[in-house]
Amino acid sequence: MKTRIISAIVAILIAVPIIYLGGNIFTLMSALLGVIGYYEFLKTRKFKRDIPFAMKVIGIMIFIAIVMNINNRYFYIDDFIVIAILALLIPIIIYNKSKKYNIEDALVILAITLFLGLAFNKFISVRLDNLFYFVYLFLITIMTDTFAYFTGYFFGKHKMSPTVSPNKTWEGFIGGFILGTISSSVFYYALINSQINILVLISVSALLSIVGQIGDLLFSTIKRYYGIKDYGNLMPGHGGVLDRLDSILLVMLSFIYLSRFI
């Protein structure tokens with residue numbers, strides 16, 4: 001517990017000033033976190049089957065290009081999707097005889113390249129566009145996770161998904177959903193836009209709260225499949241990048257579509 005608290009304090013002391021400053025330093029640090037997260041998944045994949053080094057290099061190059069293409073600065077995202085599909089699928093033909101790289105490998109690295117690339121791209125672009133939007137999205141995940149933990153701890157009786165995450169309960173899910181939605185909606189209304197339709201705001205916040213909890217379960221499911229406890233050890237006691245940002249990454253992706261309503 002002491003290790004968890006210390007590493008959390010250190011992370012907050014480093015992250016808060018960088019988030020506040022934004023700009024190039026935030027972009028570079030976020031991109032670095034993305035690369036670490038990408039590496040964590042490639043390392044996780046090795047527990048089942050390794051991917052050829054050349055394909056890892058191609059994948060991470062495409063990933064970085066997607067992450068740094070803020071607000072379609074260089075290309076439209078459709079271009080990157082086409083490039084990723086061609087660059088990561090066609091080599092199946094080359095590796096066919098050695099069977100070192102098959103269709104499953106290609107689809108796995110394609111999915112993680114596009115998913116993490118788009119998620120970290122949005123992670124950066126939201127902050128560069130508006131600090132308060134960034135805080136709002138983080139507030140949803142933090143408050144949802146916090147209240148889900150305490151609600152589940154004190155009132156949890158009905159297991160939500162015992163094979164994936166034994167400690168999660170439906171009571172915790174509901175508590176996190178309600179209080180996470182309320183706290184983030186109050187923040188948005190008070191500091192971003194007091195003219196917004198309240199029902200629309202609550203609906204969007206509620207959907208993002210649910211998405212955040214689904215993101216947590218999704219990454220836990222992947223860990224169960226590969227038989228690991230954590231993706232990495234960047235934060236002692238907390239795990240790696242993908243352990244800490246699992247909820248917010250899916251929330252950022254979902255915000256691409258939900259942002260048009262608020």
# chains A, B, ... in the order shown; residues from 1 in each chain; ligands from 1
>>> residues_around(residues="Leu208 (chain A)", least_positions_apart="5", cutoff="9 Å", atoms="only C-alpha atoms", output="list in words")
Leu137, Ile140, Thr141, Thr181, Ser203, Gln213, Leu250, Val251, Met252, Ser254, Phe255 and Leu258 of chain A
>>> residues_around(residues="region 219-222 of chain A", least_positions_apart="6", cutoff="12 Å", atoms="only C-alpha atoms", output="PyMOL selection string")
chain A and resi 41+44-45+47-48+108+112+161-168+212-213+228-231+240-250
>>> write_last_selection(atoms="N, CA, C and O atoms", output="compact mmCIF listing (two decimals), in the first residue's frame")
# COMPACT_ATOMS: atom_id res chain seq x y z
N PHE A 41 1.93 -3.95 -24.87
CA PHE A 41 1.06 -4.94 -25.52
C PHE A 41 1.86 -5.94 -26.34
O PHE A 41 1.56 -7.13 -26.33
N THR A 44 3.19 -8.36 -24.02
CA THR A 44 2.11 -9.24 -23.57
C THR A 44 1.80 -10.31 -24.60
O THR A 44 1.60 -11.48 -24.27
N ARG A 45 1.80 -9.91 -25.86
CA ARG A 45 1.51 -10.84 -26.95
C ARG A 45 2.49 -12.02 -26.98
O ARG A 45 2.13 -13.13 -27.39
N PHE A 47 3.47 -13.84 -24.71
CA PHE A 47 3.06 -14.95 -23.86
C PHE A 47 2.30 -16.02 -24.63
O PHE A 47 2.19 -17.16 -24.20
N LYS A 48 1.73 -15.64 -25.77
CA LYS A 48 1.04 -16.59 -26.63
C LYS A 48 1.85 -16.89 -27.89
O LYS A 48 2.03 -18.04 -28.28
N VAL A 108 -4.12 -8.90 -34.94
CA VAL A 108 -3.85 -8.43 -33.58
C VAL A 108 -3.05 -7.13 -33.62
O VAL A 108 -3.41 -6.14 -32.97
N ILE A 112 -4.36 -3.32 -32.51
CA ILE A 112 -3.74 -2.55 -31.43
C ILE A 112 -3.11 -1.27 -31.97
O ILE A 112 -3.09 -0.24 -31.29
N SER A 161 -18.39 -9.68 -13.02
CA SER A 161 -17.73 -10.57 -13.97
C SER A 161 -16.58 -11.27 -13.26
O SER A 161 -15.41 -10.92 -13.44
N PRO A 162 -16.90 -12.27 -12.43
CA PRO A 162 -15.89 -12.90 -11.56
C PRO A 162 -14.72 -13.54 -12.29
O PRO A 162 -13.62 -13.59 -11.76
N THR A 163 -14.93 -14.01 -13.51
CA THR A 163 -13.84 -14.64 -14.25
C THR A 163 -12.87 -13.61 -14.83
O THR A 163 -11.72 -13.92 -15.11
N VAL A 164 -13.33 -12.38 -15.00
CA VAL A 164 -12.50 -11.32 -15.56
C VAL A 164 -11.92 -10.43 -14.46
O VAL A 164 -10.72 -10.17 -14.42
N SER A 165 -12.78 -9.94 -13.59
CA SER A 165 -12.36 -9.06 -12.49
C SER A 165 -13.15 -9.44 -11.24
O SER A 165 -14.25 -8.94 -11.02
N PRO A 166 -12.58 -10.32 -10.42
CA PRO A 166 -13.30 -10.90 -9.27
C PRO A 166 -13.82 -9.88 -8.27
O PRO A 166 -14.80 -10.16 -7.56
N ASN A 167 -13.20 -8.72 -8.16
CA ASN A 167 -13.59 -7.75 -7.14
C ASN A 167 -14.68 -6.78 -7.59
O ASN A 167 -15.22 -6.04 -6.78
N LYS A 168 -15.00 -6.77 -8.87
CA LYS A 168 -16.01 -5.83 -9.36
C LYS A 168 -17.41 -6.36 -9.12
O LYS A 168 -17.69 -7.53 -9.36
N GLY A 212 -16.12 3.99 -19.78
CA GLY A 212 -14.91 3.89 -18.96
C GLY A 212 -14.84 2.58 -18.20
O GLY A 212 -13.78 1.94 -18.15
N GLN A 213 -15.95 2.16 -17.64
CA GLN A 213 -15.97 0.89 -16.90
C GLN A 213 -15.83 -0.30 -17.85
O GLN A 213 -15.21 -1.31 -17.51
N ILE A 228 -1.62 -12.67 -17.37
CA ILE A 228 -0.73 -11.75 -16.67
C ILE A 228 -1.53 -10.91 -15.66
O ILE A 228 -2.75 -10.77 -15.78
N LYS A 229 -0.82 -10.37 -14.69
CA LYS A 229 -1.46 -9.53 -13.68
C LYS A 229 -1.49 -8.07 -14.12
O LYS A 229 -2.49 -7.37 -13.97
N ASP A 230 -0.35 -7.60 -14.64
CA ASP A 230 -0.23 -6.22 -15.09
C ASP A 230 0.45 -6.18 -16.45
O ASP A 230 1.22 -7.08 -16.80
N TYR A 231 0.20 -5.11 -17.20
CA TYR A 231 0.84 -4.94 -18.51
C TYR A 231 2.30 -4.52 -18.36
O TYR A 231 3.13 -4.81 -19.21
N GLY A 240 1.38 -0.82 -15.50
CA GLY A 240 1.95 -0.05 -16.59
C GLY A 240 1.00 1.00 -17.14
O GLY A 240 -0.04 1.30 -16.55
N VAL A 241 1.35 1.51 -18.31
CA VAL A 241 0.55 2.54 -18.97
C VAL A 241 -0.86 2.03 -19.27
O VAL A 241 -1.85 2.71 -19.00
N LEU A 242 -0.96 0.83 -19.81
CA LEU A 242 -2.26 0.30 -20.19
C LEU A 242 -3.11 -0.05 -18.96
O LEU A 242 -4.34 -0.07 -19.04
N ASP A 243 -2.46 -0.32 -17.83
CA ASP A 243 -3.21 -0.58 -16.59
C ASP A 243 -3.83 0.70 -16.06
O ASP A 243 -4.94 0.70 -15.53
N ARG A 244 -3.12 1.83 -16.21
CA ARG A 244 -3.57 3.10 -15.65
C ARG A 244 -4.50 3.87 -16.59
O ARG A 244 -5.36 4.62 -16.14
N LEU A 245 -4.30 3.68 -17.90
CA LEU A 245 -5.06 4.48 -18.86
C LEU A 245 -6.12 3.68 -19.60
O LEU A 245 -6.68 4.16 -20.60
N ASP A 246 -6.42 2.48 -19.13
CA ASP A 246 -7.37 1.61 -19.85
C ASP A 246 -8.74 2.27 -20.02
O ASP A 246 -9.31 2.25 -21.10
N SER A 247 -9.25 2.88 -18.97
CA SER A 247 -10.58 3.50 -19.04
C SER A 247 -10.58 4.75 -19.90
O SER A 247 -11.45 4.93 -20.76
N ILE A 248 -9.60 5.63 -19.66
CA ILE A 248 -9.59 6.92 -20.35
C ILE A 248 -9.37 6.77 -21.85
O ILE A 248 -9.88 7.57 -22.64
N LEU A 249 -8.64 5.73 -22.27
CA LEU A 249 -8.39 5.56 -23.70
C LEU A 249 -9.68 5.28 -24.46
O LEU A 249 -9.93 5.84 -25.53
N LEU A 250 -10.53 4.43 -23.91
CA LEU A 250 -11.80 4.13 -24.56
C LEU A 250 -12.74 5.33 -24.48
O LEU A 250 -13.52 5.58 -25.40
>>> residues_around(residues="Ile178 (chain A)", least_positions_apart="5", cutoff="9 Å", atoms="only C-alpha atoms", output="ChimeraX atom specification")
/A:144,147,173,183,206,209
>>> residues_around(residues="Asn24 (chain A)", least_positions_apart="6", cutoff="12 Å", atoms="only C-alpha atoms", output="ChimeraX atom specification")
/A:18,30-31,68,70,124-125,127-128
>>> atom_distance(atom1="CA of Leu118 (chain A)", atom2="CA of Met29 (chain A)")
16.2 Å
>>> residues_around(residues="Arg260 (chain A)", least_positions_apart="6", cutoff="12 Å", atoms="only C-alpha atoms", output="PyMOL selection string")
chain A and resi 200-201+204+254
>>> write_last_selection(atoms="N, CA and C atoms", output="PDB file, in the first residue's frame")
ATOM      1  N   VAL A 200     -28.970  16.457 -22.137  1.00  0.00           N
ATOM      2  CA  VAL A 200     -27.939  16.045 -23.090  1.00  0.00           C
ATOM      3  C   VAL A 200     -26.612  15.842 -22.369  1.00  0.00           C
ATOM      4  N   LEU A 201     -26.256  16.788 -21.499  1.00  0.00           N
ATOM      5  CA  LEU A 201     -25.010  16.698 -20.744  1.00  0.00           C
ATOM      6  C   LEU A 201     -24.972  15.444 -19.886  1.00  0.00           C
ATOM      7  N   VAL A 204     -24.619  12.255 -22.098  1.00  0.00           N
ATOM      8  CA  VAL A 204     -23.257  12.054 -22.616  1.00  0.00           C
ATOM      9  C   VAL A 204     -22.319  11.613 -21.501  1.00  0.00           C
ATOM     10  N   SER A 254     -14.456   7.315 -27.635  1.00  0.00           N
ATOM     11  CA  SER A 254     -15.907   7.521 -27.690  1.00  0.00           C
ATOM     12  C   SER A 254     -16.260   8.989 -27.793  1.00  0.00           C
TER      13      SER A 254
END
>>> residues_around(residues="Asn69 (chain A)", least_positions_apart="3", cutoff="12 Å", atoms="only C-alpha atoms", output="PyMOL selection string")
chain A and resi 27+31+62-66+72-80+117-125
>>> atom_distance(atom1="CA of Leu42 (chain A)", atom2="CA of Met55 (chain A)")
10.7 Å
>>> residues_around(residues="Phe155 (chain A)", least_positions_apart="3", cutoff="9 Å", atoms="only C-alpha atoms", output="list in words")
Phe150, Thr151, Gly152, Thr169, Glu171 and Gly172 of chain A
>>> write_last_selection(atoms="C-alpha atoms", output="compact mmCIF listing (two decimals), in the first residue's frame")
# COMPACT_ATOMS: atom_id res chain seq x y z
CA PHE A 150 -15.87 2.44 -2.49
CA THR A 151 -19.46 1.52 -3.35
CA GLY A 152 -18.37 -2.01 -4.17
CA THR A 169 -19.67 -5.86 -8.36
CA GLU A 171 -23.34 -2.34 -6.84
CA GLY A 172 -19.93 -0.80 -7.53
>>> select_by_dssp(residues="region 71-162 of chain A", states="helix (DSSP H, G or I)", output="PyMOL selection string")
chain A and resi 71-72+77-89+91-95+103-129+131-155
>>> decode(residues="region 80-124 of chain A", atoms="N, CA and C atoms", output="PDB file, in the first residue's frame")
ATOM      1  N   PHE A  80      -4.249   6.759 -43.066  1.00  0.00           N
ATOM      2  CA  PHE A  80      -3.468   5.926 -42.161  1.00  0.00           C
ATOM      3  C   PHE A  80      -4.082   4.537 -41.996  1.00  0.00           C
ATOM      4  N   ILE A  81      -5.404   4.490 -41.998  1.00  0.00           N
ATOM      5  CA  ILE A  81      -6.073   3.194 -41.862  1.00  0.00           C
ATOM      6  C   ILE A  81      -5.751   2.306 -43.053  1.00  0.00           C
ATOM      7  N   VAL A  82      -5.799   2.879 -44.254  1.00  0.00           N
ATOM      8  CA  VAL A  82      -5.464   2.122 -45.464  1.00  0.00           C
ATOM      9  C   VAL A  82      -4.010   1.667 -45.422  1.00  0.00           C
ATOM     10  N   ILE A  83      -3.100   2.582 -45.059  1.00  0.00           N
ATOM     11  CA  ILE A  83      -1.681   2.246 -44.975  1.00  0.00           C
ATOM     12  C   ILE A  83      -1.450   1.124 -43.969  1.00  0.00           C
ATOM     13  N   ALA A  84      -2.100   1.221 -42.810  1.00  0.00           N
ATOM     14  CA  ALA A  84      -1.938   0.202 -41.771  1.00  0.00           C
ATOM     15  C   ALA A  84      -2.420  -1.162 -42.256  1.00  0.00           C
ATOM     16  N   ILE A  85      -3.577  -1.181 -42.910  1.00  0.00           N
ATOM     17  CA  ILE A  85      -4.131  -2.446 -43.408  1.00  0.00           C
ATOM     18  C   ILE A  85      -3.185  -3.094 -44.411  1.00  0.00           C
ATOM     19  N   LEU A  86      -2.713  -2.302 -45.360  1.00  0.00           N
ATOM     20  CA  LEU A  86      -1.826  -2.843 -46.397  1.00  0.00           C
ATOM     21  C   LEU A  86      -0.478  -3.267 -45.817  1.00  0.00           C
ATOM     22  N   ALA A  87       0.108  -2.397 -44.985  1.00  0.00           N
ATOM     23  CA  ALA A  87       1.453  -2.656 -44.466  1.00  0.00           C
ATOM     24  C   ALA A  87       1.493  -3.820 -43.483  1.00  0.00           C
ATOM     25  N   LEU A  88       0.404  -4.065 -42.772  1.00  0.00           N
ATOM     26  CA  LEU A  88       0.414  -5.111 -41.747  1.00  0.00           C
ATOM     27  C   LEU A  88      -0.211  -6.424 -42.216  1.00  0.00           C
ATOM     28  N   LEU A  89      -0.985  -6.389 -43.297  1.00  0.00           N
ATOM     29  CA  LEU A  89      -1.600  -7.618 -43.801  1.00  0.00           C
ATOM     30  C   LEU A  89      -0.806  -8.268 -44.937  1.00  0.00           C
ATOM     31  N   ILE A  90      -0.306  -7.471 -45.860  1.00  0.00           N
ATOM     32  CA  ILE A  90       0.403  -8.019 -47.019  1.00  0.00           C
ATOM     33  C   ILE A  90       1.608  -8.888 -46.635  1.00  0.00           C
ATOM     34  N   PRO A  91       2.388  -8.534 -45.596  1.00  0.00           N
ATOM     35  CA  PRO A  91       3.542  -9.368 -45.223  1.00  0.00           C
ATOM     36  C   PRO A  91       3.197 -10.816 -44.852  1.00  0.00           C
ATOM     37  N   ILE A  92       1.916 -11.104 -44.645  1.00  0.00           N
ATOM     38  CA  ILE A  92       1.526 -12.499 -44.402  1.00  0.00           C
ATOM     39  C   ILE A  92       2.039 -13.383 -45.536  1.00  0.00           C
ATOM     40  N   ILE A  93       1.984 -12.855 -46.752  1.00  0.00           N
ATOM     41  CA  ILE A  93       2.431 -13.602 -47.936  1.00  0.00           C
ATOM     42  C   ILE A  93       3.924 -13.931 -47.819  1.00  0.00           C
ATOM     43  N   ILE A  94       4.730 -12.960 -47.376  1.00  0.00           N
ATOM     44  CA  ILE A  94       6.178 -13.135 -47.270  1.00  0.00           C
ATOM     45  C   ILE A  94       6.534 -14.149 -46.196  1.00  0.00           C
ATOM     46  N   TYR A  95       5.827 -14.073 -45.056  1.00  0.00           N
ATOM     47  CA  TYR A  95       6.136 -14.945 -43.928  1.00  0.00           C
ATOM     48  C   TYR A  95       5.406 -16.281 -43.989  1.00  0.00           C
ATOM     49  N   ASN A  96       4.644 -16.512 -45.041  1.00  0.00           N
ATOM     50  CA  ASN A  96       3.765 -17.675 -45.115  1.00  0.00           C
ATOM     51  C   ASN A  96       4.499 -18.996 -44.916  1.00  0.00           C
ATOM     52  N   LYS A  97       5.634 -19.161 -45.570  1.00  0.00           N
ATOM     53  CA  LYS A  97       6.343 -20.443 -45.511  1.00  0.00           C
ATOM     54  C   LYS A  97       6.896 -20.727 -44.116  1.00  0.00           C
ATOM     55  N   SER A  98       7.424 -19.707 -43.474  1.00  0.00           N
ATOM     56  CA  SER A  98       7.998 -19.912 -42.141  1.00  0.00           C
ATOM     57  C   SER A  98       6.943 -19.946 -41.043  1.00  0.00           C
ATOM     58  N   LYS A  99       5.752 -19.494 -41.368  1.00  0.00           N
ATOM     59  CA  LYS A  99       4.631 -19.460 -40.429  1.00  0.00           C
ATOM     60  C   LYS A  99       4.941 -18.618 -39.181  1.00  0.00           C
ATOM     61  N   LYS A 100       5.818 -17.636 -39.342  1.00  0.00           N
ATOM     62  CA  LYS A 100       6.160 -16.762 -38.219  1.00  0.00           C
ATOM     63  C   LYS A 100       5.156 -15.626 -38.046  1.00  0.00           C
ATOM     64  N   TYR A 101       4.371 -15.396 -39.094  1.00  0.00           N
ATOM     65  CA  TYR A 101       3.442 -14.268 -39.075  1.00  0.00           C
ATOM     66  C   TYR A 101       2.212 -14.653 -39.880  1.00  0.00           C
ATOM     67  N   ASN A 102       1.117 -14.949 -39.161  1.00  0.00           N
ATOM     68  CA  ASN A 102      -0.093 -15.395 -39.840  1.00  0.00           C
ATOM     69  C   ASN A 102      -1.198 -14.348 -39.739  1.00  0.00           C
ATOM     70  N   ILE A 103      -2.385 -14.694 -40.186  1.00  0.00           N
ATOM     71  CA  ILE A 103      -3.492 -13.747 -40.217  1.00  0.00           C
ATOM     72  C   ILE A 103      -3.886 -13.295 -38.816  1.00  0.00           C
ATOM     73  N   GLU A 104      -3.789 -14.187 -37.836  1.00  0.00           N
ATOM     74  CA  GLU A 104      -4.112 -13.806 -36.458  1.00  0.00           C
ATOM     75  C   GLU A 104      -3.129 -12.758 -35.947  1.00  0.00           C
ATOM     76  N   ASP A 105      -1.839 -12.992 -36.196  1.00  0.00           N
ATOM     77  CA  ASP A 105      -0.827 -12.017 -35.792  1.00  0.00           C
ATOM     78  C   ASP A 105      -1.094 -10.661 -36.444  1.00  0.00           C
ATOM     79  N   ALA A 106      -1.392 -10.688 -37.732  1.00  0.00           N
ATOM     80  CA  ALA A 106      -1.624  -9.449 -38.484  1.00  0.00           C
ATOM     81  C   ALA A 106      -2.825  -8.690 -37.945  1.00  0.00           C
ATOM     82  N   LEU A 107      -3.907  -9.392 -37.663  1.00  0.00           N
ATOM     83  CA  LEU A 107      -5.109  -8.725 -37.167  1.00  0.00           C
ATOM     84  C   LEU A 107      -4.904  -8.180 -35.756  1.00  0.00           C
ATOM     85  N   VAL A 108      -4.122  -8.898 -34.944  1.00  0.00           N
ATOM     86  CA  VAL A 108      -3.845  -8.428 -33.582  1.00  0.00           C
ATOM     87  C   VAL A 108      -3.050  -7.131 -33.618  1.00  0.00           C
ATOM     88  N   ILE A 109      -1.957  -7.113 -34.385  1.00  0.00           N
ATOM     89  CA  ILE A 109      -1.131  -5.907 -34.411  1.00  0.00           C
ATOM     90  C   ILE A 109      -1.839  -4.763 -35.150  1.00  0.00           C
ATOM     91  N   LEU A 110      -2.667  -5.081 -36.124  1.00  0.00           N
ATOM     92  CA  LEU A 110      -3.452  -4.052 -36.808  1.00  0.00           C
ATOM     93  C   LEU A 110      -4.438  -3.414 -35.838  1.00  0.00           C
ATOM     94  N   ALA A 111      -5.127  -4.252 -35.077  1.00  0.00           N
ATOM     95  CA  ALA A 111      -6.125  -3.744 -34.129  1.00  0.00           C
ATOM     96  C   ALA A 111      -5.483  -2.871 -33.062  1.00  0.00           C
ATOM     97  N   ILE A 112      -4.363  -3.322 -32.509  1.00  0.00           N
ATOM     98  CA  ILE A 112      -3.739  -2.547 -31.432  1.00  0.00           C
ATOM     99  C   ILE A 112      -3.106  -1.268 -31.968  1.00  0.00           C
ATOM    100  N   THR A 113      -2.590  -1.311 -33.202  1.00  0.00           N
ATOM    101  CA  THR A 113      -2.000  -0.110 -33.804  1.00  0.00           C
ATOM    102  C   THR A 113      -3.061   0.968 -34.018  1.00  0.00           C
ATOM    103  N   LEU A 114      -4.201   0.572 -34.572  1.00  0.00           N
ATOM    104  CA  LEU A 114      -5.272   1.540 -34.832  1.00  0.00           C
ATOM    105  C   LEU A 114      -5.937   1.995 -33.541  1.00  0.00           C
ATOM    106  N   PHE A 115      -6.197   1.053 -32.650  1.00  0.00           N
ATOM    107  CA  PHE A 115      -6.882   1.403 -31.394  1.00  0.00           C
ATOM    108  C   PHE A 115      -6.043   2.351 -30.551  1.00  0.00           C
ATOM    109  N   LEU A 116      -4.806   1.953 -30.235  1.00  0.00           N
ATOM    110  CA  LEU A 116      -3.956   2.799 -29.407  1.00  0.00           C
ATOM    111  C   LEU A 116      -3.565   4.077 -30.142  1.00  0.00           C
ATOM    112  N   GLY A 117      -3.343   3.986 -31.453  1.00  0.00           N
ATOM    113  CA  GLY A 117      -2.979   5.170 -32.220  1.00  0.00           C
ATOM    114  C   GLY A 117      -4.061   6.230 -32.181  1.00  0.00           C
ATOM    115  N   LEU A 118      -5.292   5.819 -32.455  1.00  0.00           N
ATOM    116  CA  LEU A 118      -6.418   6.762 -32.440  1.00  0.00           C
ATOM    117  C   LEU A 118      -6.693   7.282 -31.034  1.00  0.00           C
ATOM    118  N   ALA A 119      -6.583   6.392 -30.029  1.00  0.00           N
ATOM    119  CA  ALA A 119      -6.862   6.794 -28.649  1.00  0.00           C
ATOM    120  C   ALA A 119      -5.861   7.828 -28.151  1.00  0.00           C
ATOM    121  N   PHE A 120      -4.575   7.597 -28.386  1.00  0.00           N
ATOM    122  CA  PHE A 120      -3.569   8.560 -27.938  1.00  0.00           C
ATOM    123  C   PHE A 120      -3.594   9.831 -28.784  1.00  0.00           C
ATOM    124  N   ASN A 121      -3.983   9.714 -30.041  1.00  0.00           N
ATOM    125  CA  ASN A 121      -4.158  10.898 -30.876  1.00  0.00           C
ATOM    126  C   ASN A 121      -5.227  11.799 -30.275  1.00  0.00           C
ATOM    127  N   LYS A 122      -6.334  11.206 -29.895  1.00  0.00           N
ATOM    128  CA  LYS A 122      -7.417  11.980 -29.292  1.00  0.00           C
ATOM    129  C   LYS A 122      -7.027  12.486 -27.917  1.00  0.00           C
ATOM    130  N   PHE A 123      -6.265  11.690 -27.187  1.00  0.00           N
ATOM    131  CA  PHE A 123      -5.760  12.065 -25.861  1.00  0.00           C
ATOM    132  C   PHE A 123      -5.007  13.391 -25.956  1.00  0.00           C
ATOM    133  N   ILE A 124      -4.156  13.505 -26.969  1.00  0.00           N
ATOM    134  CA  ILE A 124      -3.360  14.725 -27.159  1.00  0.00           C
ATOM    135  C   ILE A 124      -4.209  15.866 -27.708  1.00  0.00           C
TER     136      ILE A 124
END
